[in-house]
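Okay, so here's the structure we're looking at.
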Amino acid sequence: MGWWLNPLELVFVAGASGACIGGFVALVCSNMRMSRCTRIKCCCFECIRENLSEREYAEELENQHEIEGQLNQRKQQQALEEG
């Protein structure tokens with residue numbers, strides 16, 4: 001038969017690859033958003049932007065922590081309901 005993938009395996013490999021690439025792009029974009037740099041260059045992409053003020057940056061971090069806290073609370077509630 002050889003190393004060729006059947007259609008089901010091909011769909012699975014393509015889906016897994018797409019998910020990995022999408023996760024990597026999301027991670028890079030998230031880190032670039034919180035960066036304090038005015039010029040960001042990654043591989044062949046380049047971005048020149050305004051930085052957030054110190055107050056805006058602090059608010060963004062606070063909002064991110066609140067969202068993470070809410071997600072953790074939901075996970076704990078779901079664990080209690082299931083267990």
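The way I read the labels, and the way they are meant: chains A, B, ... in the order of the structure tokens, residue 1 as the first residue of every chain, and ligand 1 as the first ligand shown, with later ones counted on from there.
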Could you give me, as a PyMOL selection string, the residues within 12 Å of Cys42 in chain A, counting only C-alpha atoms and dropping anything in the same chain fewer than 2 positions from it? chain A and resi 25+28-29+31-32+39-40+44-48
Write down as JSON, numbers by chain the residues of range 4-53 of chain A whose backbone DSSP state falls under helix (DSSP H, G or I). {"A": [7, 8, 9, 10, 11, 12, 13, 14, 15, 16, 17, 18, 19, 20, 21, 22, 23, 24, 25, 26, 27, 28, 29, 30, 31, 32, 33]}
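When only C-alpha atoms are used to measure the gap to Glu59 in chain A, the shortest distance among A:Leu5, A:Met34, A:Leu80, A:Cys43 belongs to A:Met34.
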Run DSSP on the backbone and grab whatever in chain A lands in strand (DSSP E); send it over as a PyMOL selection string. chain A and resi 39-42+45-48
